[in-house]
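Chemist: Contents of target38.tsv (TSV, C-alpha atoms and all ligand atoms) are below:
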```tsv
chain	number	residue	atom	x	y	z
A	616	MET	CA	71.61	103.96	107.75
A	617	LYS	CA	70.72	107.20	109.51
A	618	TYR	CA	67.00	107.93	109.04
A	619	ALA	CA	66.30	104.20	108.43
A	620	ASP	CA	63.55	104.45	111.03
A	621	ILE	CA	61.60	107.09	109.10
A	622	VAL	CA	61.91	105.94	105.47
A	623	HIS	CA	58.70	103.91	105.80
A	624	ARG	CA	56.68	107.08	106.52
A	625	CYS	CA	56.46	108.04	102.84
A	626	PHE	CA	52.98	107.27	101.47
A	627	ARG	CA	54.03	107.76	97.85
A	628	CYS	CA	51.21	110.28	97.49
A	629	GLY	CA	53.39	112.25	95.09
A	630	TYR	CA	52.79	115.83	96.27
A	631	CYS	CA	56.56	116.30	96.52
A	632	LYS	CA	57.14	116.22	92.78
A	633	PHE	CA	54.86	119.19	92.03
A	634	THR	CA	54.83	122.95	92.38
A	635	SER	CA	52.61	124.49	95.08
A	636	ASP	CA	49.66	124.76	92.67
A	637	TYR	CA	50.19	121.20	91.32
A	638	THR	CA	50.31	122.42	87.73
A	639	ASP	CA	53.91	121.39	86.95
A	640	PHE	CA	56.22	118.52	87.73
A	641	ASN	CA	58.93	120.27	89.71
A	642	CYS	CA	61.24	117.41	90.68
A	643	PRO	CA	63.83	117.70	87.90
A	644	THR	CA	64.58	113.99	87.72
A	645	TYR	CA	60.93	112.94	87.60
A	646	ARG	CA	60.32	115.64	84.97
A	647	LYS	CA	63.12	114.24	82.88
A	648	PHE	CA	62.69	110.47	83.23
A	649	ARG	CA	58.93	110.27	83.97
A	650	PHE	CA	59.33	107.09	85.99
A	651	GLU	CA	58.02	107.06	89.55
A	652	THR	CA	61.33	105.61	90.70
A	653	TYR	CA	62.98	108.94	89.80
A	654	SER	CA	60.54	110.91	91.96
A	655	PRO	CA	61.21	111.70	95.64
A	656	GLY	CA	58.59	109.19	96.83
A	657	GLY	CA	59.94	106.56	94.43
A	658	ARG	CA	63.42	107.06	95.86
A	659	MET	CA	62.03	106.69	99.37
A	660	TRP	CA	60.39	103.37	98.50
A	661	LEU	CA	63.47	102.08	96.73
A	662	ILE	CA	65.67	103.00	99.69
A	663	ARG	CA	63.24	101.20	101.98
A	664	ALA	CA	63.28	98.11	99.75
A	665	TRP	CA	67.11	98.26	99.64
A	666	LEU	CA	67.38	98.52	103.42
A	667	ASN	CA	64.99	95.57	103.73
A	668	GLY	CA	67.15	93.50	101.37
A	669	GLU	CA	64.41	93.35	98.72
A	670	ILE	CA	66.60	94.97	96.05
A	671	LYS	CA	70.35	95.16	95.61
A	672	ASN	CA	72.69	97.99	94.76
A	673	SER	CA	72.67	98.08	90.95
A	674	ASP	CA	73.78	100.50	88.21
A	675	ARG	CA	70.16	101.65	87.86
A	676	PHE	CA	69.65	102.14	91.58
A	677	GLN	CA	72.85	104.19	91.71
A	678	GLU	CA	71.67	106.29	88.77
A	679	ILE	CA	68.35	106.93	90.51
A	680	LEU	CA	69.99	107.99	93.75
A	681	PHE	CA	72.85	110.04	92.33
A	682	SER	CA	70.75	111.84	89.71
A	683	CYS	CA	68.84	113.61	92.50
A	684	ALA	CA	69.85	117.27	92.22
A	685	THR	CA	69.20	117.83	95.95
A	686	CYS	CA	67.06	120.76	94.80
A	687	ALA	CA	64.78	120.48	97.86
A	688	ASN	CA	61.54	120.89	95.92
A	689	CYS	CA	60.39	117.75	97.74
A	690	VAL	CA	61.38	119.25	101.09
A	691	GLU	CA	59.24	122.26	100.22
A	692	HIS	CA	56.23	120.32	99.00
A	693	CYS	CA	55.97	117.00	100.86
A	694	VAL	CA	53.09	117.48	103.26
A	695	PHE	CA	54.43	115.27	106.07
A	696	THR	CA	56.56	116.17	109.08
A	697	PHE	CA	59.61	114.21	107.96
A	698	SER	CA	59.80	116.35	104.79
A	699	GLU	CA	62.67	118.48	106.12
A	700	ASP	CA	64.85	115.38	106.08
A	701	LEU	CA	64.08	114.19	102.54
A	702	VAL	CA	67.32	115.43	100.97
A	703	ASN	CA	69.25	114.25	104.05
A	704	ILE	CA	67.74	110.79	103.58
A	705	PHE	CA	68.90	110.66	99.95
A	706	ILE	CA	72.37	111.84	100.99
A	707	SER	CA	72.48	109.21	103.75
A	708	ALA	CA	71.66	106.47	101.27
A	709	ARG	CA	74.49	107.77	99.06
A	710	GLU	CA	76.79	107.63	102.10
A	711	GLU	CA	76.00	103.95	102.52
A	712	MET	CA	76.90	103.33	98.89
A	713	VAL	CA	80.13	105.32	99.21
A	714	ASN	CA	81.02	103.31	102.33
A	715	ASP	CA	80.36	100.08	100.41
A	716	GLY	CA	82.56	101.41	97.58
A	717	ILE	CA	79.83	100.76	95.01
A	718	ILE	CA	79.16	104.12	93.31
A	719	PRO	CA	78.89	105.44	89.74
A	720	PRO	CA	82.31	106.00	88.10
A	721	PRO	CA	81.78	109.80	87.63
A	722	VAL	CA	81.07	110.14	91.36
A	723	ARG	CA	84.18	108.11	92.20
A	724	ASP	CA	86.28	110.28	89.84
A	725	TYR	CA	84.92	113.52	91.31
A	726	LEU	CA	85.69	112.43	94.87
A	727	LYS	CA	89.13	111.16	93.86
A	728	ASN	CA	90.02	114.45	92.22
A	729	ILE	CA	88.93	116.45	95.24
A	730	ASN	CA	90.92	114.13	97.47
A	731	ILE	CA	94.09	114.40	95.38
A	732	ASN	CA	93.92	117.96	94.02
A	733	GLY	CA	91.50	119.82	96.30
A	734	ASN	CA	89.40	120.60	93.21
A	735	PRO	CA	87.56	118.61	90.52
A	736	TYR	CA	89.46	120.19	87.62
A	737	LYS	CA	92.77	118.40	88.31
A	738	GLU	CA	94.42	121.82	88.48
A	739	PRO	CA	97.19	122.75	90.90
A	740	ALA	CA	96.38	124.97	93.89
A	741	SER	CA	98.71	127.60	92.42
A	742	GLU	CA	96.08	128.27	89.72
A	743	ARG	CA	93.29	128.96	92.22
A	744	GLY	CA	93.75	132.66	92.69
A	745	LYS	CA	94.74	133.47	89.08
A	746	TRP	CA	91.25	134.75	88.28
A	747	ALA	CA	92.03	137.81	90.42
A	748	GLU	CA	95.04	138.92	88.34
A	749	GLY	CA	94.35	142.36	86.92
A	750	THR	CA	91.69	143.13	89.53
A	751	LEU	CA	92.02	145.17	92.72
A	752	VAL	CA	91.14	142.16	94.86
A	753	GLU	CA	93.95	141.45	97.34
A	754	THR	CA	95.09	138.41	99.26
A	755	TYR	CA	93.53	137.98	102.70
A	756	LYS	CA	95.56	139.49	105.55
A	757	ASP	CA	93.33	141.06	108.12
A	758	GLN	CA	90.49	142.45	106.01
A	759	GLU	CA	86.96	142.57	107.40
A	760	TYR	CA	85.65	139.91	105.01
A	761	LEU	CA	87.13	136.78	103.50
A	762	PHE	CA	85.84	136.56	99.91
A	763	TYR	CA	85.56	132.80	99.34
A	764	ILE	CA	85.32	131.75	95.68
A	765	GLY	CA	84.96	127.95	95.47
A	766	CYS	CA	86.10	125.56	92.72
A	767	VAL	CA	83.84	126.72	89.86
A	768	GLY	CA	84.64	130.41	90.34
A	769	SER	CA	88.35	129.62	90.67
A	770	TYR	CA	88.90	127.27	87.75
A	771	ASP	CA	86.02	127.41	85.27
A	772	GLU	CA	86.32	130.22	82.67
A	773	ARG	CA	82.67	131.22	83.07
A	774	GLY	CA	82.99	131.08	86.85
A	775	LYS	CA	86.17	133.19	86.80
A	776	LYS	CA	84.41	135.98	84.92
A	777	ILE	CA	81.71	136.04	87.59
A	778	ALA	CA	84.32	136.00	90.38
A	779	ARG	CA	86.02	139.01	88.77
A	780	ALA	CA	82.71	140.88	88.44
A	781	VAL	CA	81.77	140.28	92.08
A	782	GLY	CA	85.29	141.00	93.39
A	783	ASN	CA	85.53	144.28	91.48
A	784	LEU	CA	82.10	145.41	92.70
A	785	LEU	CA	82.90	144.66	96.33
A	786	VAL	CA	86.19	146.58	96.08
A	787	LYS	CA	84.51	149.44	94.23
A	788	ALA	CA	81.94	149.69	97.03
A	789	GLY	CA	84.81	150.20	99.46
A	790	LEU	CA	84.48	146.86	101.23
A	791	SER	CA	87.51	145.46	102.98
A	792	ILE	CA	87.84	141.99	101.39
A	793	GLY	CA	90.63	139.51	100.77
A	794	ILE	CA	90.87	136.13	99.03
A	795	LEU	CA	92.82	133.03	100.00
A	796	GLY	CA	94.30	132.53	96.52
A	797	ASP	CA	96.39	129.34	96.41
A	798	LYS	CA	95.50	128.63	100.06
A	799	GLU	CA	91.81	128.23	99.23
A	800	ASN	CA	90.50	124.67	99.24
A	801	CYS	CA	87.20	123.04	98.22
A	802	ASP	CA	84.36	123.93	100.60
A	803	GLY	CA	83.02	120.37	100.38
A	804	ASN	CA	79.32	121.01	99.80
A	805	GLU	CA	79.18	118.68	96.79
A	806	VAL	CA	81.41	116.12	98.50
A	807	ARG	CA	78.83	116.06	101.31
A	808	THR	CA	75.84	115.80	98.99
A	809	LEU	CA	77.55	112.99	97.07
A	810	GLY	CA	77.81	111.05	100.30
A	811	GLU	CA	81.53	111.19	101.17
A	812	ALA	CA	81.02	112.21	104.79
A	813	GLY	CA	84.62	111.47	105.84
A	814	LEU	CA	86.17	113.57	103.07
A	815	PHE	CA	83.67	116.34	103.77
A	816	GLN	CA	84.66	116.42	107.43
A	817	PHE	CA	88.35	116.49	106.50
A	818	LEU	CA	87.84	119.43	104.11
A	819	ALA	CA	85.62	121.33	106.51
A	820	GLU	CA	87.99	120.92	109.47
A	821	LYS	CA	90.96	121.98	107.34
A	822	ASN	CA	89.07	125.08	106.14
A	823	ILE	CA	87.88	125.95	109.62
A	824	ALA	CA	91.44	125.67	111.00
A	825	LEU	CA	92.76	127.92	108.21
A	826	PHE	CA	89.99	130.50	108.66
A	827	ARG	CA	90.65	130.54	112.40
A	828	ASP	CA	94.45	130.86	111.99
A	829	LEU	CA	93.90	133.86	109.74
A	830	GLY	CA	91.44	135.44	112.18
A	831	VAL	CA	88.51	135.27	109.74
A	832	LYS	CA	85.21	136.32	111.28
A	833	LYS	CA	83.06	137.20	108.26
A	834	ILE	CA	82.84	135.41	104.92
A	835	ILE	CA	81.28	136.49	101.63
A	836	THR	CA	80.79	133.62	99.19
A	837	LEU	CA	80.53	133.78	95.43
A	838	ASP	CA	78.75	130.46	95.25
A	839	PRO	CA	75.48	129.54	97.01
A	840	HIS	CA	76.80	125.99	97.49
A	841	ALA	CA	79.70	127.21	99.66
A	842	PHE	CA	77.32	129.65	101.37
A	843	ASN	CA	75.07	126.72	102.27
A	844	THR	CA	77.72	124.50	103.79
A	845	PHE	CA	79.55	127.29	105.67
A	846	LYS	CA	76.25	128.38	107.14
A	847	LYS	CA	74.62	125.06	107.88
A	848	ASP	CA	77.31	122.38	108.23
A	849	TYR	CA	80.48	124.11	109.49
A	850	PRO	CA	78.97	125.25	112.84
A	851	ALA	CA	78.52	121.58	113.87
A	852	LEU	CA	82.31	121.21	113.40
A	853	ASP	CA	83.03	124.28	115.51
A	854	GLY	CA	83.25	126.58	112.53
A	855	GLU	CA	81.06	129.55	113.46
A	856	PHE	CA	81.45	132.45	111.04
A	857	GLU	CA	79.20	135.25	109.82
A	858	VAL	CA	78.41	134.04	106.33
A	859	TYR	CA	76.88	136.02	103.47
A	860	HIS	CA	76.15	135.34	99.85
A	861	TYR	CA	77.51	138.22	97.80
A	862	THR	CA	74.01	139.37	96.77
A	863	GLN	CA	73.17	139.95	100.45
A	864	ILE	CA	76.11	142.36	100.71
A	865	LEU	CA	75.56	144.08	97.36
A	866	ALA	CA	71.80	144.65	97.75
A	867	PRO	CA	72.00	147.28	100.54
A	868	LEU	CA	75.08	148.89	98.97
A	869	ILE	CA	73.24	149.37	95.69
A	870	GLN	CA	69.97	150.40	97.29
A	871	SER	CA	71.77	153.06	99.33
A	872	GLY	CA	73.53	154.42	96.25
A	873	LYS	CA	77.05	153.39	97.37
A	874	ILE	CA	77.51	151.91	93.92
A	875	PRO	CA	76.06	154.54	91.56
A	876	LEU	CA	74.47	153.01	88.48
A	877	LYS	CA	73.25	154.17	85.12
A	878	GLY	CA	70.06	152.74	83.65
A	879	LEU	CA	69.60	149.74	81.39
A	880	ASN	CA	66.68	149.19	79.10
A	881	ASP	CA	66.27	145.43	79.49
A	882	LYS	CA	63.63	142.90	80.37
A	883	ILE	CA	65.17	140.42	82.78
A	884	THR	CA	63.98	137.27	84.48
A	885	TYR	CA	65.72	135.83	87.53
A	886	HIS	CA	66.46	132.13	88.10
A	887	ASP	CA	66.58	131.20	91.82
A	888	PRO	CA	69.53	128.91	92.60
A	889	CYS	CA	68.30	126.06	94.84
A	890	TYR	CA	71.10	126.52	97.38
A	891	LEU	CA	70.36	130.22	97.80
A	892	GLY	CA	66.57	130.00	97.52
A	893	ARG	CA	64.92	126.85	98.80
A	894	HIS	CA	67.88	125.70	100.93
A	895	ASN	CA	68.49	129.07	102.58
A	896	GLY	CA	65.36	131.15	101.98
A	897	GLU	CA	67.15	134.01	100.22
A	898	TYR	CA	64.84	135.05	97.40
A	899	ASN	CA	64.90	138.81	97.84
A	900	ALA	CA	68.51	140.03	97.80
A	901	PRO	CA	69.17	139.32	94.08
A	902	ARG	CA	65.76	140.75	93.16
A	903	LYS	CA	66.43	143.89	95.21
A	904	ILE	CA	69.66	144.44	93.25
A	905	LEU	CA	67.94	144.01	89.90
A	906	LYS	CA	65.01	146.22	90.87
A	907	ALA	CA	67.42	148.97	91.99
A	908	ILE	CA	68.82	149.28	88.46
A	909	PRO	CA	66.96	152.09	86.70
A	910	GLY	CA	65.08	151.00	83.57
A	911	ILE	CA	65.15	147.25	84.19
A	912	GLU	CA	61.88	145.38	83.93
A	913	LEU	CA	62.02	142.32	86.15
A	914	VAL	CA	59.59	139.61	85.08
A	915	GLU	CA	59.05	136.31	86.87
A	916	MET	CA	59.00	132.90	85.26
A	917	ASP	CA	55.93	130.73	85.90
A	918	ARG	CA	58.01	128.89	88.48
A	919	SER	CA	59.97	131.09	90.84
A	920	ARG	CA	61.05	131.45	94.46
A	921	GLU	CA	59.94	128.32	96.42
A	922	ASN	CA	58.61	126.87	93.17
A	923	ALA	CA	61.69	127.60	91.05
A	924	PHE	CA	62.66	124.76	88.73
A	925	CYS	CA	66.22	123.53	89.36
A	926	CYS	CA	68.81	123.88	86.57
A	927	GLY	CA	69.84	120.28	87.22
A	928	GLY	CA	73.35	121.05	88.46
A	929	GLY	CA	72.91	120.49	92.19
A	930	GLY	CA	73.84	117.48	94.29
A	931	GLY	CA	77.07	117.05	92.35
A	932	ASN	CA	75.34	116.71	88.96
A	933	PHE	CA	77.16	119.79	87.69
A	934	PHE	CA	80.32	117.66	87.83
A	935	THR	CA	79.03	114.08	87.42
A	936	ASP	CA	76.23	114.73	84.89
A	937	ILE	CA	74.35	111.65	86.05
A	938	LEU	CA	71.07	113.45	85.46
A	939	GLY	CA	72.28	113.95	81.90
A	940	GLY	CA	71.24	116.05	78.89
A	941	GLY	CA	68.53	115.82	76.25
A	942	GLU	CA	65.45	117.84	75.39
A	943	ASP	CA	63.89	117.19	78.80
A	944	SER	CA	67.00	118.06	80.77
A	945	PRO	CA	66.15	120.59	83.51
A	946	SER	CA	68.41	123.35	82.16
A	947	ARG	CA	66.85	123.16	78.67
A	948	ILE	CA	63.34	123.21	80.11
A	949	ARG	CA	64.33	126.18	82.27
A	950	VAL	CA	65.67	128.32	79.41
A	951	ARG	CA	62.51	127.65	77.39
A	952	GLU	CA	60.52	128.78	80.42
A	953	ALA	CA	62.66	131.93	80.63
A	954	LEU	CA	62.06	132.61	76.93
A	955	ASP	CA	58.30	132.46	77.52
A	956	THR	CA	58.54	135.53	79.79
A	957	GLY	CA	59.73	137.63	76.85
A	958	ALA	CA	62.93	138.51	78.76
A	959	GLY	CA	66.20	138.83	76.87
A	960	ILE	CA	68.36	138.07	79.91
A	961	ILE	CA	68.25	135.30	82.51
A	962	ALA	CA	69.87	136.64	85.65
A	963	VAL	CA	71.57	134.11	87.92
A	964	ALA	CA	73.43	134.30	91.22
A	965	CYS	CA	75.41	131.06	91.08
A	966	PRO	CA	78.32	130.12	88.78
A	967	GLN	CA	76.97	126.57	88.45
A	968	CYS	CA	73.55	127.82	87.28
A	969	ALA	CA	75.29	130.25	84.92
A	970	LYS	CA	77.20	127.48	83.21
A	971	MET	CA	74.27	125.04	83.12
A	972	LEU	CA	71.92	127.63	81.59
A	973	ASP	CA	74.60	129.00	79.24
A	974	ASP	CA	75.07	125.52	77.77
A	975	ALA	CA	71.30	125.04	77.52
A	976	VAL	CA	70.85	128.35	75.67
A	977	LYS	CA	73.46	127.22	73.13
A	978	ILE	CA	71.94	123.76	72.65
A	979	GLU	CA	68.45	125.28	72.26
A	980	GLN	CA	69.98	127.71	69.71
A	981	LEU	CA	68.59	130.69	71.58
A	982	ASP	CA	71.88	132.66	71.63
A	983	ASP	CA	70.39	135.55	69.67
A	984	ARG	CA	67.33	135.81	71.96
A	985	LEU	CA	68.50	134.94	75.47
A	986	LYS	CA	71.62	135.78	77.41
A	987	VAL	CA	72.59	134.30	80.77
A	988	MET	CA	74.22	136.86	83.07
A	989	ASP	CA	75.15	136.78	86.71
A	990	VAL	CA	73.52	139.58	88.74
A	991	ALA	CA	77.04	140.98	89.31
A	992	GLU	CA	77.72	141.06	85.56
A	993	ILE	CA	74.48	142.99	85.00
A	994	VAL	CA	75.45	145.50	87.70
A	995	THR	CA	78.93	145.83	86.19
A	996	ASN	CA	77.37	146.81	82.85
A	997	CYS	CA	75.53	149.64	84.64
A	998	LEU	CA	78.51	151.15	86.46
A	999	LEU	CA	78.91	154.87	85.93
A	1001	LIG	S1	57.97	112.14	100.09
A	1001	LIG	FE1	56.14	113.04	101.09
A	1001	LIG	S2	54.91	113.98	99.44
A	1001	LIG	FE2	56.45	112.64	98.50
A	1001	LIG	S3	55.38	110.72	98.16
A	1001	LIG	FE3	56.40	110.54	100.15
A	1001	LIG	S4	54.91	111.25	101.65
A	1001	LIG	FE4	54.14	111.89	99.64
A	1002	LIG	S1	65.75	116.94	95.94
A	1002	LIG	FE1	64.89	117.65	93.98
A	1002	LIG	S2	65.73	116.16	92.49
A	1002	LIG	FE2	65.95	115.23	94.51
A	1002	LIG	S3	64.10	114.00	94.79
A	1002	LIG	FE3	63.72	116.01	95.76
A	1002	LIG	S4	62.68	117.19	94.14
A	1002	LIG	FE4	63.66	115.45	93.11
```
Could you render the structure from this file as structure tokens?

Modeler:
Amino acid sequence: MKYADIVHRCFRCGYCKFTSDYTDFNCPTYRKFRFETYSPGGRMWLIRAWLNGEIKNSDRFQEILFSCATCANCVEHCVFTFSEDLVNIFISAREEMVNDGIIPPPVRDYLKNININGNPYKEPASERGKWAEGTLVETYKDQEYLFYIGCVGSYDERGKKIARAVGNLLVKAGLSIGILGDKENCDGNEVRTLGEAGLFQFLAEKNIALFRDLGVKKIITLDPHAFNTFKKDYPALDGEFEVYHYTQILAPLIQSGKIPLKGLNDKITYHDPCYLGRHNGEYNAPRKILKAIPGIELVEMDRSRENAFCCGGGGGNFFTDILGGGEDSPSRIRVREALDTGAGIIAVACPQCAKMLDDAVKIEQLDDRLKVMDVAEIVTNCLL
């Protein structure tokens, strides 16, 4: 296994499962299960024991590895030099399991659906661009930016609403954007994090070839997960594009008054998506947008920015749900934390976070006190 030579360096000191001030458990799986084996250091020691032949691949070992939300809190907080590779190590171990063909059934189903349909929803490609019907968003020809949506924004009802909000705002701001519609395919970020390296490479190379054929130079993504893989993984496969998350494009447009807004009288807290925040260091753009709306009071949760607590959807868990629900599920903990700020709205900038937190608000029966809204939906409500 790649990284096999550094797995032994973990001391199991446990810093990686905390926030910077060590007051909260910030690894979502450790927080939920409270067994050391579900912490980053525990995973490191189990992987080491597995590589040494001391333990075998079992249902429990698979659950421990595939429940990791790849949130990168451990990358942020492990004090040793190998910390930047922690998530890569977990993904590499998953790759070994995928190669052996011994993986949890929901992971197998997810990968199978992507392989067969190009999306996890078992929907035909012809449905992909339907979200844009009734909007002014056009199909990509030679526009300045490709607006890439991803599977959740294309097929999930909640995601589609967010895609429409972002698309309409970008058009309203006068940006030259186009979508791929039925030509769009999965970006592969979750395929990669679930350990199917071969399928990821196939998807990435297919996307890169299509983008190149169409003359795409700049990409705006709806989803931080696509943003992450286009930015970090595609260049190694010869796919160099200028990649932006939509908040990075909207922030200067709103700050410069290109999208005139009326005021709102709301107290809002912002949830950092792991693949925009910790994985890519973008904490400011969404906050700049919210702060530019007159009348909004932006309040921070106890855990924010580098210390933000994951919603539990990353690393494929949004689709496989191996991390699972319950009172201590990350999304339910997160909405209770948001409630503590006194805010009435949790702003998000990721369709996966939106759906995870929406469901948690319902289960916690907080519908009348907390609303989950994408930053773009909040801006849309303020349009003059
Ligand atoms: S991953 Fe790093 S911080 Fe976590 S237990 Fe191992 S050495 Fe300590
Ligand atoms: S990536 Fe997140 S969920 Fe996975 S071990 Fe690290 S802190 Fe825990």

Chemist: Smallest atom-to-atom distance to ligand LIG 1002 (chain A): which of A:Ile823, A:Ala684, A:Met616, A:Met659, using all atoms listed in the file?

Modeler: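 Between A:Ile823, A:Ala684, A:Met616, A:Met659, the residue approaching ligand LIG 1002 (chain A) most closely is A:Ala684.
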
Chemist: Do you have the atom CA of A:Thr995-atom CA of A:Leu784 distance handy?

Modeler: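 Answer for the atom CA of A:Thr995 to atom CA of A:Leu784 separation: 7.3 Å.
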
Chemist: Collect all residues with atoms no farther than 6 Å from ligand LIG 1002 (chain A), counting all atoms listed in the file, and output them as a ChimeraX atom specification.

Modeler: /A:632,642-644,654-655,683-689,702

Chemist: In terms of the shortest atom-to-atom distance over only C-alpha atoms, which of A:Gly810, A:Ile834, A:Glu799, A:Ser791 is closest to A:Leu680?

Modeler: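 Checking each candidate against A:Leu680, we get A:Gly810 as the closest.
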
Chemist: Can you tell me which residues sit at most 10 Å away from ligand LIG 1001 (chain A), counting only C-alpha atoms and all ligand atoms, written as a PyMOL selection string?

Modeler: chain A and resi 622-633+651+654-660+689-702
